[in-house]
file run34.cif (mmCIF, C-alpha atoms (C1' of nucleotides))
data_coords
loop_
_atom_site.label_atom_id
_atom_site.label_comp_id
_atom_site.auth_asym_id
_atom_site.auth_seq_id
_atom_site.Cartn_x
_atom_site.Cartn_y
_atom_site.Cartn_z
CA MET A 112 0.00 0.00 0.00
CA ILE A 113 0.99 3.57 -0.33
CA ARG A 114 2.15 4.37 3.13
CA LEU A 115 1.62 7.32 5.31
CA GLY A 116 3.50 6.99 8.59
CA LYS A 117 1.68 6.59 11.85
CA LEU A 118 3.09 9.87 13.06
CA THR A 119 1.54 11.62 10.11
CA ASP A 120 -1.74 10.03 10.90
CA TYR A 121 -1.47 11.23 14.47
CA GLY A 122 -0.57 14.65 13.17
CA LEU A 123 -3.72 14.85 11.09
CA LEU A 124 -5.72 13.70 14.07
CA LEU A 125 -4.18 16.37 16.28
CA MET A 126 -4.77 19.13 13.79
CA CYS A 127 -8.38 18.09 13.45
CA GLN A 128 -8.78 18.11 17.19
CA VAL A 129 -7.39 21.62 17.35
CA VAL A 130 -9.83 22.74 14.69
CA ARG A 131 -12.76 21.08 16.28
CA THR A 132 -12.12 22.64 19.68
CA ARG A 133 -10.81 25.96 18.56
CA SER A 134 -13.18 27.85 20.78
CA ARG A 135 -10.54 27.27 23.43
CA LYS A 136 -7.93 29.98 23.73
CA ASN A 137 -5.11 27.51 23.34
CA HIS A 138 -4.31 23.82 23.42
CA THR A 139 -1.61 22.26 25.55
CA ALA A 140 0.18 19.13 24.48
CA ARG A 141 -1.15 17.43 27.57
CA GLU A 142 -4.78 18.19 26.77
CA LEU A 143 -4.48 17.10 23.17
CA ALA A 144 -2.67 13.91 24.13
CA LYS A 145 -5.49 13.00 26.47
CA GLU A 146 -8.22 13.87 24.02
CA CYS A 147 -6.64 11.95 21.19
CA HIS A 148 -5.51 9.01 23.34
CA LEU A 149 -1.90 9.38 22.30
CA PRO A 150 1.28 9.35 24.38
CA MET A 151 2.20 12.79 25.55
CA PRO A 152 5.87 12.89 24.40
CA THR A 153 4.82 11.91 20.92
CA VAL A 154 2.18 14.61 20.83
CA SER A 155 4.66 17.13 22.10
CA LYS A 156 7.09 16.28 19.36
CA LEU A 157 4.45 16.41 16.66
CA LEU A 158 3.11 19.76 17.78
CA ARG A 159 6.61 21.18 17.75
CA ILE A 160 7.16 20.02 14.19
CA LEU A 161 3.81 21.39 13.09
CA HIS A 162 4.76 24.67 14.71
CA GLN A 163 8.11 24.76 12.97
CA ASN A 164 6.34 24.36 9.68
CA GLY A 165 4.04 27.28 10.25
CA LEU A 166 0.88 25.32 10.85
CA LEU A 167 0.53 26.14 14.54
CA ALA A 168 1.46 29.15 16.61
CA SER A 169 2.94 28.47 20.02
CA GLN A 170 2.96 30.33 23.28
CA ARG A 171 5.50 29.36 25.88
CA GLY A 172 5.27 29.63 29.62
CA ILE A 173 2.79 28.59 32.21
CA LYS A 174 -0.22 29.75 30.23
CA GLY A 175 1.22 28.55 26.97
CA GLY A 176 -0.05 26.19 24.36
CA TYR A 177 -0.75 26.00 20.66
CA VAL A 178 -3.27 27.63 18.38
CA LEU A 179 -3.97 27.24 14.70
CA ALA A 180 -1.76 29.56 12.66
CA ARG A 181 -4.32 30.02 9.91
CA ASP A 182 -7.93 29.27 9.14
CA PRO A 183 -8.41 25.58 8.43
CA GLU A 184 -9.85 26.48 5.05
CA LEU A 185 -6.39 27.71 4.10
CA ILE A 186 -4.44 24.64 5.15
CA PRO A 187 -4.17 21.94 2.51
CA ILE A 188 -3.47 18.57 4.05
CA THR A 189 -0.42 18.26 1.81
CA GLU A 190 1.20 20.83 4.05
CA ILE A 191 0.60 18.73 7.11
CA ILE A 192 1.83 15.64 5.36
CA SER A 193 4.94 17.36 4.03
CA ALA A 194 5.71 18.76 7.45
CA LEU A 195 5.68 15.34 9.04
CA GLU A 196 6.99 13.17 6.25
CA GLY A 197 9.50 15.43 4.60
CA PRO A 198 9.53 16.44 0.95
CA PHE A 199 6.76 14.93 -1.04
CA ALA A 200 8.14 11.98 -2.97
CA LEU A 201 6.75 8.58 -3.77
CA THR A 202 10.15 7.06 -4.37
CA GLU A 203 13.74 8.11 -4.02
CA CYS A 204 13.88 8.68 -7.73
CA SER A 205 11.13 11.21 -7.69
CA SER A 206 12.91 13.46 -5.26
CA ASP A 207 15.06 16.28 -6.47
CA VAL A 208 18.27 14.81 -5.14
CA ALA A 209 20.31 13.27 -7.91
CA GLY A 210 22.53 10.24 -7.70
CA LEU A 211 20.45 8.25 -5.25
CA CYS A 212 19.64 5.60 -7.78
CA ASP A 213 22.10 3.27 -9.48
CA LEU A 214 19.88 3.04 -12.48
CA GLU A 215 19.66 6.74 -12.94
CA PRO A 216 21.45 7.12 -16.26
CA SER A 217 19.51 4.32 -17.85
CA CYS A 218 16.25 4.68 -15.99
CA PRO A 219 13.52 5.83 -18.33
CA LEU A 220 11.02 6.01 -15.53
CA LYS A 221 12.55 8.87 -13.67
CA GLU A 222 10.57 11.60 -15.34
CA ASN A 223 7.36 9.71 -15.06
CA GLN A 224 7.86 9.06 -11.41
CA ARG A 225 7.72 12.78 -11.07
CA VAL A 226 4.43 12.78 -12.87
CA ILE A 227 2.90 10.13 -10.64
CA ASN A 228 4.09 12.16 -7.76
CA GLN A 229 2.52 15.28 -9.11
CA VAL A 230 -0.78 13.57 -9.76
CA VAL A 231 -1.03 12.42 -6.18
CA ARG A 232 0.09 15.70 -4.83
CA SER A 233 -2.21 17.92 -6.78
CA ALA A 234 -5.11 15.66 -5.88
CA LEU A 235 -4.34 15.92 -2.20
CA ALA A 236 -3.65 19.62 -2.38
CA ARG A 237 -7.34 20.18 -2.98
CA VAL A 238 -8.32 18.68 0.34
CA MET A 239 -8.25 21.24 3.13
CA LEU A 240 -7.95 20.68 6.85
CA SER A 241 -11.41 22.09 7.30
CA ASP A 242 -12.72 19.32 5.05
CA LEU A 243 -11.16 16.69 7.26
CA ALA A 244 -12.32 18.20 10.50
CA ARG A 245 -15.96 17.98 9.56
CA PRO A 246 -16.64 14.26 9.44
CA MET A 247 -19.38 13.08 7.17
CA GLN A 248 -19.70 16.33 5.39
CA LEU A 249 -17.09 15.70 2.78
CA THR A 250 -18.87 14.23 -0.16
CA ALA A 251 -17.10 16.06 -2.93
CA ILE A 252 -13.80 17.61 -3.84
CA ARG A 253 -12.90 20.25 -6.33
CA ASP A 254 -11.49 19.15 -9.64
CA GLY A 255 -8.82 21.00 -11.55
CA LYS A 256 -11.28 23.61 -12.73
CA GLY A 257 -12.68 24.26 -9.29
CA ASN A 258 -15.89 22.37 -9.86
CA LEU A 259 -17.21 20.09 -7.18
CA VAL A 260 -16.94 16.40 -7.97
CA PRO A 261 -18.73 13.81 -5.87
CA ILE A 262 -16.32 11.53 -4.09
CA THR A 263 -18.37 8.44 -4.59
CA GLY A 264 -18.31 8.69 -8.33
CA ALA A 265 -14.64 9.41 -8.50
CA ALA A 266 -13.50 5.86 -7.98
CA ILE A 267 -12.23 4.21 -11.07
CA GLY A 268 -10.16 1.03 -10.77
CA ARG A 269 -11.39 -1.94 -8.92
CA THR A 270 -11.99 -2.32 -5.25
CA GLN A 271 -9.79 -4.78 -3.49
CA MET B 233 6.91 11.27 2.11
CA ILE B 234 4.20 9.04 0.84
CA ARG B 235 6.03 5.84 0.27
CA LEU B 236 5.94 3.43 -2.58
CA GLY B 237 8.19 0.43 -1.93
CA LYS B 238 11.26 -0.17 -4.04
CA LEU B 239 9.76 -3.38 -5.31
CA THR B 240 6.77 -1.50 -6.61
CA ASP B 241 9.09 0.89 -8.35
CA TYR B 242 10.90 -2.02 -9.93
CA GLY B 243 7.57 -3.48 -10.93
CA LEU B 244 6.58 -0.33 -12.76
CA LEU B 245 9.96 -0.31 -14.45
CA LEU B 246 9.57 -3.90 -15.56
CA MET B 247 6.08 -3.37 -16.90
CA CYS B 248 7.29 -0.39 -18.87
CA GLN B 249 10.13 -2.40 -20.29
CA VAL B 250 7.73 -5.11 -21.39
CA VAL B 251 5.56 -2.52 -23.09
CA ARG B 252 8.44 -0.81 -24.76
CA THR B 253 9.82 -4.02 -26.22
CA ARG B 254 6.60 -5.81 -26.88
CA SER B 255 7.55 -6.55 -30.45
CA ARG B 256 9.32 -9.53 -28.92
CA LYS B 257 7.24 -12.67 -28.71
CA ASN B 258 7.92 -13.00 -25.01
CA HIS B 259 10.16 -11.76 -22.25
CA THR B 260 12.17 -13.99 -19.96
CA ALA B 261 12.95 -12.96 -16.42
CA ARG B 262 16.64 -13.12 -17.32
CA GLU B 263 16.33 -10.70 -20.22
CA LEU B 264 14.28 -8.22 -18.26
CA ALA B 265 16.64 -8.39 -15.31
CA LYS B 266 19.57 -7.56 -17.55
CA GLU B 267 17.77 -4.78 -19.38
CA CYS B 268 16.55 -3.14 -16.20
CA HIS B 269 19.77 -3.71 -14.26
CA LEU B 270 17.98 -5.55 -11.49
CA PRO B 271 18.86 -8.80 -9.73
CA MET B 272 17.34 -11.77 -11.46
CA PRO B 273 15.64 -13.42 -8.43
CA THR B 274 13.92 -10.18 -7.58
CA VAL B 275 12.69 -9.79 -11.13
CA SER B 276 11.48 -13.36 -11.15
CA LYS B 277 9.50 -12.81 -8.01
CA LEU B 278 7.96 -9.59 -9.27
CA LEU B 279 6.95 -11.07 -12.60
CA ARG B 280 5.27 -13.94 -10.84
CA ILE B 281 3.24 -11.58 -8.67
CA LEU B 282 2.29 -9.48 -11.65
CA HIS B 283 1.18 -12.64 -13.40
CA GLN B 284 -0.90 -13.77 -10.42
CA ASN B 285 -2.70 -10.47 -10.53
CA GLY B 286 -3.61 -10.79 -14.15
CA LEU B 287 -1.23 -8.20 -15.53
CA LEU B 288 1.05 -10.59 -17.36
CA ALA B 289 0.47 -13.90 -19.09
CA SER B 290 3.11 -16.58 -18.61
CA GLN B 291 4.33 -19.47 -20.68
CA ARG B 292 6.35 -22.16 -18.97
CA GLY B 293 8.98 -24.37 -20.42
CA ILE B 294 12.15 -23.85 -22.37
CA LYS B 295 10.61 -21.35 -24.75
CA GLY B 296 8.59 -19.71 -22.03
CA GLY B 297 8.42 -16.19 -20.76
CA TYR B 298 5.98 -13.42 -20.06
CA VAL B 299 3.79 -11.25 -22.23
CA LEU B 300 1.45 -8.42 -21.42
CA ALA B 301 -2.00 -9.70 -20.54
CA ARG B 302 -3.80 -6.65 -21.93
CA ASP B 303 -3.12 -3.55 -23.93
CA PRO B 304 -1.19 -1.03 -21.87
CA GLU B 305 -3.96 1.49 -22.47
CA LEU B 306 -6.20 -0.72 -20.37
CA ILE B 307 -3.89 -1.10 -17.39
CA PRO B 308 -4.19 1.65 -14.79
CA ILE B 309 -1.06 1.92 -12.71
CA THR B 310 -3.18 1.51 -9.60
CA GLU B 311 -3.50 -2.12 -10.58
CA ILE B 312 0.24 -2.56 -10.68
CA ILE B 313 0.64 -0.75 -7.40
CA SER B 314 -2.11 -2.75 -5.71
CA ALA B 315 -0.63 -5.99 -6.99
CA LEU B 316 2.74 -5.26 -5.43
CA GLU B 317 1.77 -3.34 -2.32
CA GLY B 318 -1.42 -5.07 -1.31
CA PRO B 319 -4.77 -3.40 -0.80
CA PHE B 320 -4.73 0.29 -1.41
CA ALA B 321 -4.58 2.05 1.93
CA LEU B 322 -2.71 5.05 3.17
CA THR B 323 -2.92 3.99 6.78
CA GLU B 324 -4.10 0.98 8.69
CA CYS B 325 -7.26 2.84 9.53
CA SER B 326 -8.26 3.32 5.96
CA SER B 327 -8.25 -0.37 5.19
CA ASP B 328 -11.40 -2.38 5.45
CA VAL B 329 -10.15 -4.50 8.30
CA ALA B 330 -11.67 -3.40 11.58
CA GLY B 331 -10.06 -3.46 14.98
CA LEU B 332 -6.54 -2.65 13.91
CA CYS B 333 -6.56 0.67 15.66
CA ASP B 334 -6.87 1.25 19.40
CA LEU B 335 -8.47 4.58 18.78
CA GLU B 336 -11.13 3.21 16.54
CA PRO B 337 -14.20 3.86 18.68
CA SER B 338 -13.19 7.41 19.39
CA CYS B 339 -11.36 8.20 16.16
CA PRO B 340 -13.28 10.76 14.16
CA LEU B 341 -10.77 10.59 11.35
CA LYS B 342 -11.55 7.15 10.17
CA GLU B 343 -14.07 8.12 7.57
CA ASN B 344 -11.95 10.90 6.28
CA GLN B 345 -8.94 8.68 5.97
CA ARG B 346 -11.05 6.80 3.52
CA VAL B 347 -11.65 10.01 1.66
CA ILE B 348 -7.97 10.88 1.43
CA ASN B 349 -7.40 7.40 0.23
CA GLN B 350 -10.06 7.71 -2.39
CA VAL B 351 -8.72 11.01 -3.61
CA VAL B 352 -5.26 9.58 -4.18
CA ARG B 353 -6.58 6.46 -5.73
CA SER B 354 -8.94 8.04 -8.18
CA ALA B 355 -6.22 10.41 -9.26
CA LEU B 356 -3.82 7.58 -9.95
CA ALA B 357 -6.46 5.44 -11.59
CA ARG B 358 -6.45 7.85 -14.49
CA VAL B 359 -2.81 7.16 -15.30
CA MET B 360 -2.39 4.18 -17.58
CA LEU B 361 0.65 2.03 -18.15
CA SER B 362 0.83 3.25 -21.70
CA ASP B 363 1.24 6.78 -20.36
CA LEU B 364 4.21 5.74 -18.29
CA ALA B 365 5.87 3.76 -21.02
CA ARG B 366 6.02 6.69 -23.42
CA PRO B 367 8.30 9.16 -21.76
CA MET B 368 7.73 12.77 -22.71
CA GLN B 369 4.42 12.11 -24.38
CA LEU B 370 2.53 12.35 -21.18
CA THR B 371 -0.21 14.87 -20.69
CA ALA B 372 2.00 17.09 -18.64
CA ILE B 373 3.75 20.37 -19.03
CA ARG B 374 6.64 21.98 -17.31
CA ASP B 375 6.02 24.94 -15.10
CA GLY B 376 8.36 27.85 -14.58
CA LYS B 377 10.60 25.90 -12.25
CA GLY B 378 10.93 22.94 -14.56
CA ASN B 379 8.60 20.71 -12.59
CA LEU B 380 6.18 18.54 -14.46
CA VAL B 381 2.56 19.45 -13.93
CA PRO B 382 -0.31 17.39 -15.29
CA ILE B 383 -2.58 19.49 -17.41
CA THR B 384 -5.66 17.71 -16.17
CA GLY B 385 -5.53 19.24 -12.74
CA ALA B 386 -3.96 22.57 -12.08
CA ALA B 387 -1.58 21.98 -9.23
CA ILE B 388 -2.52 23.95 -6.20
CA GLY B 389 -0.44 23.92 -3.06
CA ARG B 390 3.05 25.20 -2.97
CA THR B 391 6.11 23.58 -4.37
CA GLN B 392 8.54 22.37 -1.78
"C1'" DA C 39 13.08 -40.45 -22.85
"C1'" DA C 40 16.26 -37.38 -20.76
"C1'" DG C 41 18.00 -33.08 -19.89
"C1'" DA C 42 17.95 -28.17 -20.10
"C1'" DA C 43 15.63 -23.87 -19.65
"C1'" DA C 44 12.27 -21.32 -17.69
"C1'" DC C 45 8.51 -20.35 -14.38
"C1'" DA C 46 6.58 -21.23 -9.28
"C1'" DG C 47 6.80 -21.07 -4.42
"C1'" DT C 48 8.59 -20.73 0.24
"C1'" DA C 49 11.54 -19.66 3.94
"C1'" DC C 50 15.28 -17.27 5.89
"C1'" DT C 51 18.53 -13.43 6.85
"C1'" DG C 52 20.38 -8.93 7.11
"C1'" DA C 53 19.57 -4.14 6.72
"C1'" DA C 54 17.07 0.02 6.90
"C1'" DT C 55 13.46 2.69 8.59
"C1'" DT C 56 10.31 4.19 12.04
"C1'" DA C 57 8.02 4.76 16.38
"C1'" DG C 58 8.56 5.79 20.76
"C1'" DT C 59 11.11 7.11 25.05
"C1'" DC C 60 14.25 9.57 27.87
"C1'" DT C 61 16.90 13.38 29.51
"C1'" DG C 62 18.00 17.98 29.99
"C1'" DC C 63 17.26 22.91 28.65
"C1'" DT C 64 14.64 27.38 27.87
"C1'" DT C 65 10.82 30.48 28.32
"C1'" DT C 66 7.08 32.73 30.73
"C1'" DT C 67 3.84 33.97 34.25
"C1'" DA C 68 1.63 33.63 38.85
"C1'" DT D 298 11.46 32.24 41.96
"C1'" DA D 299 9.16 28.12 41.24
"C1'" DA D 300 6.10 25.69 38.39
"C1'" DA D 301 4.16 24.81 33.99
"C1'" DA D 302 4.77 24.51 29.39
"C1'" DG D 303 7.38 24.30 25.16
"C1'" DC D 304 12.20 23.03 22.79
"C1'" DA D 305 15.66 19.86 21.23
"C1'" DG D 306 18.26 16.06 20.30
"C1'" DA D 307 19.96 11.40 21.35
"C1'" DC D 308 19.00 6.76 22.01
"C1'" DT D 309 16.57 2.20 21.84
"C1'" DA D 310 13.38 -1.21 20.41
"C1'" DA D 311 10.41 -2.94 17.05
"C1'" DT D 312 8.78 -3.46 12.61
"C1'" DT D 313 9.13 -3.75 7.84
"C1'" DC D 314 11.43 -4.56 3.64
"C1'" DA D 315 14.73 -6.10 0.24
"C1'" DG D 316 17.34 -9.61 -1.15
"C1'" DT D 317 18.96 -14.56 -1.40
"C1'" DA D 318 18.85 -19.42 -1.49
"C1'" DC D 319 16.83 -23.58 -2.34
"C1'" DT D 320 13.54 -26.76 -4.21
"C1'" DG D 321 9.76 -28.01 -7.23
"C1'" DT D 322 7.14 -28.00 -11.70
"C1'" DT D 323 6.39 -27.46 -16.59
"C1'" DT D 324 7.62 -27.86 -21.39
"C1'" DC D 325 10.53 -28.02 -25.33
"C1'" DT D 326 14.42 -30.04 -27.84
"C1'" DT D 327 17.35 -33.57 -29.20
#
call {"tool": "encode", "arguments": {"input": "run34.cif", "output": "structure tokens"}}
result
Amino acid sequence: MIRLGKLTDYGLLLMCQVVRTRSRKNHTARELAKECHLPMPTVSKLLRILHQNGLLASQRGIKGGYVLARDPELIPITEIISALEGPFALTECSSDVAGLCDLEPSCPLKENQRVINQVVRSALARVMLSDLARPMQLTAIRDGKGNLVPITGAAIGRTQ
Amino acid sequence: MIRLGKLTDYGLLLMCQVVRTRSRKNHTARELAKECHLPMPTVSKLLRILHQNGLLASQRGIKGGYVLARDPELIPITEIISALEGPFALTECSSDVAGLCDLEPSCPLKENQRVINQVVRSALARVMLSDLARPMQLTAIRDGKGNLVPITGAAIGRTQ
DNA sequence: AAGAAACAGTACTGAATTAGTCTGCTTTTA
DNA sequence: TAAAAGCAGACTAATTCAGTACTGTTTCTT
């Protein structure tokens, strides 16, 4: 399967929790850990990374905590994923670093790897955090032209 | 990054090689291994899996080998990926198997994981093997930075 | 009919990656 | 100034993955 790390999954969960409870002034790592049933050190680490990538704003000190840096409508989930998983690449070859692959000079796939990558990425870039945080309400995404496309009809390929 | 295993990458490479040289009556594992600069046992294993999933047809015996089971225009790369990586799922939660996740009863993300999954999958389902096997003829253009961008969906999100 | 060439399948090993934990430090406010 | 909270990196354990080896089965050729 195409893999998203557990930590990324947790990260998405945390961000959703922040969105869902954003009436609160701020969110401490401890609170979020409890609410999401995740170990506190892990949550702490994730929140720090999300902060470093401009997705959360942090306040230190005894009354500190985290708040969302932007409206959830303005946060594509690709940003969260990139923050936690590093540069977006399906394989080593599709990254921008050269020389990672022995086959590189002879590999005719390299360019197309980039394309696969781009297809996945642009598809995910249309899903916003606000879409994720409202369970059950996401029945459509926007296609390349900005039109809404029902999710259910989007599936091609067979179900396994 | 979203991860595709090396073996899957090799599998895509092999399938492309078969397509590109399909004037040959058949393709032995040995030939393909040499042409793709991959170890022969690995190639053998991959070809067998691809065959089991109905992507290649095999002929045993001294004059045996593999041929493409269908026209490359009819093979979405999701099929190749699913064959080599197992059921399409970005995280454990998004698979159909229940009970894998401790958080399941309280996890409000579960449904949306499915959505993310579906978004990626339906995007990839539109890319056919024939598209991959013809480098440079793909429906993609280069943007200002030299990155390939599919013309079907204007890439949103920022480039990292 | 026998042997060679090629596919089929399984099991094991070593390596790489990842998740998670621990420890200590810095900042801020009551 | 002490406590609460964030900051940072190192370390360990577990899991996953790639690769290899070995054995069996099929079919063609001589």
call {"tool": "interface_residues", "arguments": {"input": "run34.cif", "of": "chain C", "to": "chain A", "cutoff": "6 Å", "atoms": "only C-alpha atoms (C1' of nucleotides)", "output": "number ranges by chain"}}
result
C: 65-67
call {"tool": "interface_residues", "arguments": {"input": "run34.cif", "of": "chain D", "to": "chain A", "cutoff": "12 Å", "atoms": "all atoms listed in the file", "output": "ChimeraX atom specification"}}
result
/D:299-306,313
call {"tool": "residues_around", "arguments": {"input": "run34.cif", "residues": "region 247-250 of chain B", "least_positions_apart": "2", "cutoff": "8 Å", "atoms": "only C-alpha atoms (C1' of nucleotides)", "output": "PyMOL selection string"}}
result
chain B and resi 243-245+252-254+259+264+268+299-300+361-362+364-365
call {"tool": "closest_residue", "arguments": {"input": "run34.cif", "among": "A:Ala180, A:Val130, A:Leu149, A:Leu167", "to": "chain B", "atoms": "all atoms listed in the file"}}
result
A:Leu149
call {"tool": "axis_aligned_box", "arguments": {"input": "run34.cif", "around": "region 320-326 of chain D", "padding_each_side": "3 Å", "output": "lines of an AutoDock Vina configuration file"}}
result
center_x = 10.4
center_y = -28.4
center_z = -16.0
size_x = 14.0
size_y = 9.3
size_z = 29.6
call {"tool": "residues_around", "arguments": {"input": "run34.cif", "residues": "DA310 (chain D)", "least_positions_apart": "6", "cutoff": "10 Å", "atoms": "all atoms listed in the file", "output": "MDAnalysis selection string"}}
result
chainID C and resid 57:59
call {"tool": "write_last_selection", "arguments": {"input": "run34.cif", "atoms": "C-alpha atoms (C1' of nucleotides)", "output": "PDB file, keeping the file's coordinate frame"}}
result
ATOM      1  C1'  DA C  57       8.020   4.760  16.380  1.00  0.00           C
ATOM      2  C1'  DG C  58       8.560   5.790  20.760  1.00  0.00           C
ATOM      3  C1'  DT C  59      11.110   7.110  25.050  1.00  0.00           C
TER       4       DT C  59
END
call {"tool": "resolve_selection", "arguments": {"input": "run34.cif", "expression": "the PyMOL selection byres ((chain C and resi 53) around 10)", "output": "list in words"}}
result
DT51, DG52, DA54 and DT55 of chain C; DC314, DA315 and DG316 of chain D
call {"tool": "atom_distance", "arguments": {"input": "run34.cif", "atom1": "CA of Arg135 (chain A)", "atom2": "CA of Arg181 (chain A)"}}
result
15.1 Å
call {"tool": "atom_distance", "arguments": {"input": "run34.cif", "atom1": "CA of Asp242 (chain A)", "atom2": "CA of Pro183 (chain A)"}}
result
8.3 Å
call {"tool": "atom_distance", "arguments": {"input": "run34.cif", "atom1": "CA of Leu236 (chain B)", "atom2": "CA of His162 (chain A)"}}
result
27.4 Å
call {"tool": "build_atoms", "arguments": {"input": "run34.cif", "residues": "region 352-359 of chain B", "atoms": "all heavy atoms", "output": "mmCIF file, in the frame of the given file"}}
result
data_model
loop_
_atom_site.group_PDB
_atom_site.id
_atom_site.type_symbol
_atom_site.label_atom_id
_atom_site.label_comp_id
_atom_site.auth_asym_id
_atom_site.auth_seq_id
_atom_site.Cartn_x
_atom_site.Cartn_y
_atom_site.Cartn_z
ATOM 1 N N VAL B 352 -6.524 10.012 -3.587
ATOM 2 C CA VAL B 352 -5.260 9.580 -4.180
ATOM 3 C C VAL B 352 -5.508 8.507 -5.228
ATOM 4 O O VAL B 352 -4.982 8.547 -6.341
ATOM 5 C CB VAL B 352 -4.315 9.022 -3.099
ATOM 6 C CG1 VAL B 352 -3.091 8.404 -3.735
ATOM 7 C CG2 VAL B 352 -3.925 10.120 -2.141
ATOM 8 N N ARG B 353 -6.355 7.584 -4.853
ATOM 9 C CA ARG B 353 -6.580 6.460 -5.730
ATOM 10 C C ARG B 353 -7.254 6.846 -7.036
ATOM 11 O O ARG B 353 -6.873 6.378 -8.110
ATOM 12 C CB ARG B 353 -7.453 5.460 -4.986
ATOM 13 C CG ARG B 353 -7.680 4.208 -5.749
ATOM 14 C CD ARG B 353 -8.733 3.479 -5.017
ATOM 15 N NE ARG B 353 -8.847 2.119 -5.453
ATOM 16 C CZ ARG B 353 -9.159 1.146 -4.625
ATOM 17 N NH1 ARG B 353 -9.294 1.397 -3.354
ATOM 18 N NH2 ARG B 353 -9.309 -0.059 -5.083
ATOM 19 N N SER B 354 -8.255 7.695 -6.943
ATOM 20 C CA SER B 354 -8.940 8.040 -8.180
ATOM 21 C C SER B 354 -8.060 8.892 -9.073
ATOM 22 O O SER B 354 -8.179 8.857 -10.282
ATOM 23 C CB SER B 354 -10.276 8.719 -7.884
ATOM 24 O OG SER B 354 -10.076 9.934 -7.219
ATOM 25 N N ALA B 355 -7.147 9.622 -8.445
ATOM 26 C CA ALA B 355 -6.220 10.410 -9.260
ATOM 27 C C ALA B 355 -5.265 9.490 -10.010
ATOM 28 O O ALA B 355 -5.012 9.661 -11.203
ATOM 29 C CB ALA B 355 -5.434 11.371 -8.367
ATOM 30 N N LEU B 356 -4.774 8.485 -9.315
ATOM 31 C CA LEU B 356 -3.820 7.580 -9.950
ATOM 32 C C LEU B 356 -4.482 6.636 -10.943
ATOM 33 O O LEU B 356 -3.851 6.173 -11.887
ATOM 34 C CB LEU B 356 -3.094 6.755 -8.888
ATOM 35 C CG LEU B 356 -1.988 7.483 -8.147
ATOM 36 C CD1 LEU B 356 -1.377 6.579 -7.091
ATOM 37 C CD2 LEU B 356 -0.913 7.946 -9.118
ATOM 38 N N ALA B 357 -5.755 6.375 -10.714
ATOM 39 C CA ALA B 357 -6.460 5.440 -11.590
ATOM 40 C C ALA B 357 -6.573 5.980 -13.012
ATOM 41 O O ALA B 357 -6.853 5.243 -13.939
ATOM 42 C CB ALA B 357 -7.842 5.125 -11.024
ATOM 43 N N ARG B 358 -6.336 7.271 -13.151
ATOM 44 C CA ARG B 358 -6.450 7.850 -14.490
ATOM 45 C C ARG B 358 -5.145 7.743 -15.277
ATOM 46 O O ARG B 358 -5.096 8.067 -16.452
ATOM 47 C CB ARG B 358 -6.846 9.321 -14.385
ATOM 48 C CG ARG B 358 -8.246 9.506 -13.855
ATOM 49 C CD ARG B 358 -8.696 10.948 -13.946
ATOM 50 N NE ARG B 358 -9.650 11.199 -12.863
ATOM 51 C CZ ARG B 358 -9.367 11.911 -11.786
ATOM 52 N NH1 ARG B 358 -8.181 12.465 -11.659
ATOM 53 N NH2 ARG B 358 -10.267 12.073 -10.861
ATOM 54 N N VAL B 359 -4.087 7.307 -14.600
ATOM 55 C CA VAL B 359 -2.810 7.160 -15.300
ATOM 56 C C VAL B 359 -2.652 5.715 -15.742
ATOM 57 O O VAL B 359 -2.705 4.804 -14.933
ATOM 58 C CB VAL B 359 -1.628 7.542 -14.372
ATOM 59 C CG1 VAL B 359 -0.319 7.438 -15.127
ATOM 60 C CG2 VAL B 359 -1.823 8.941 -13.833
#
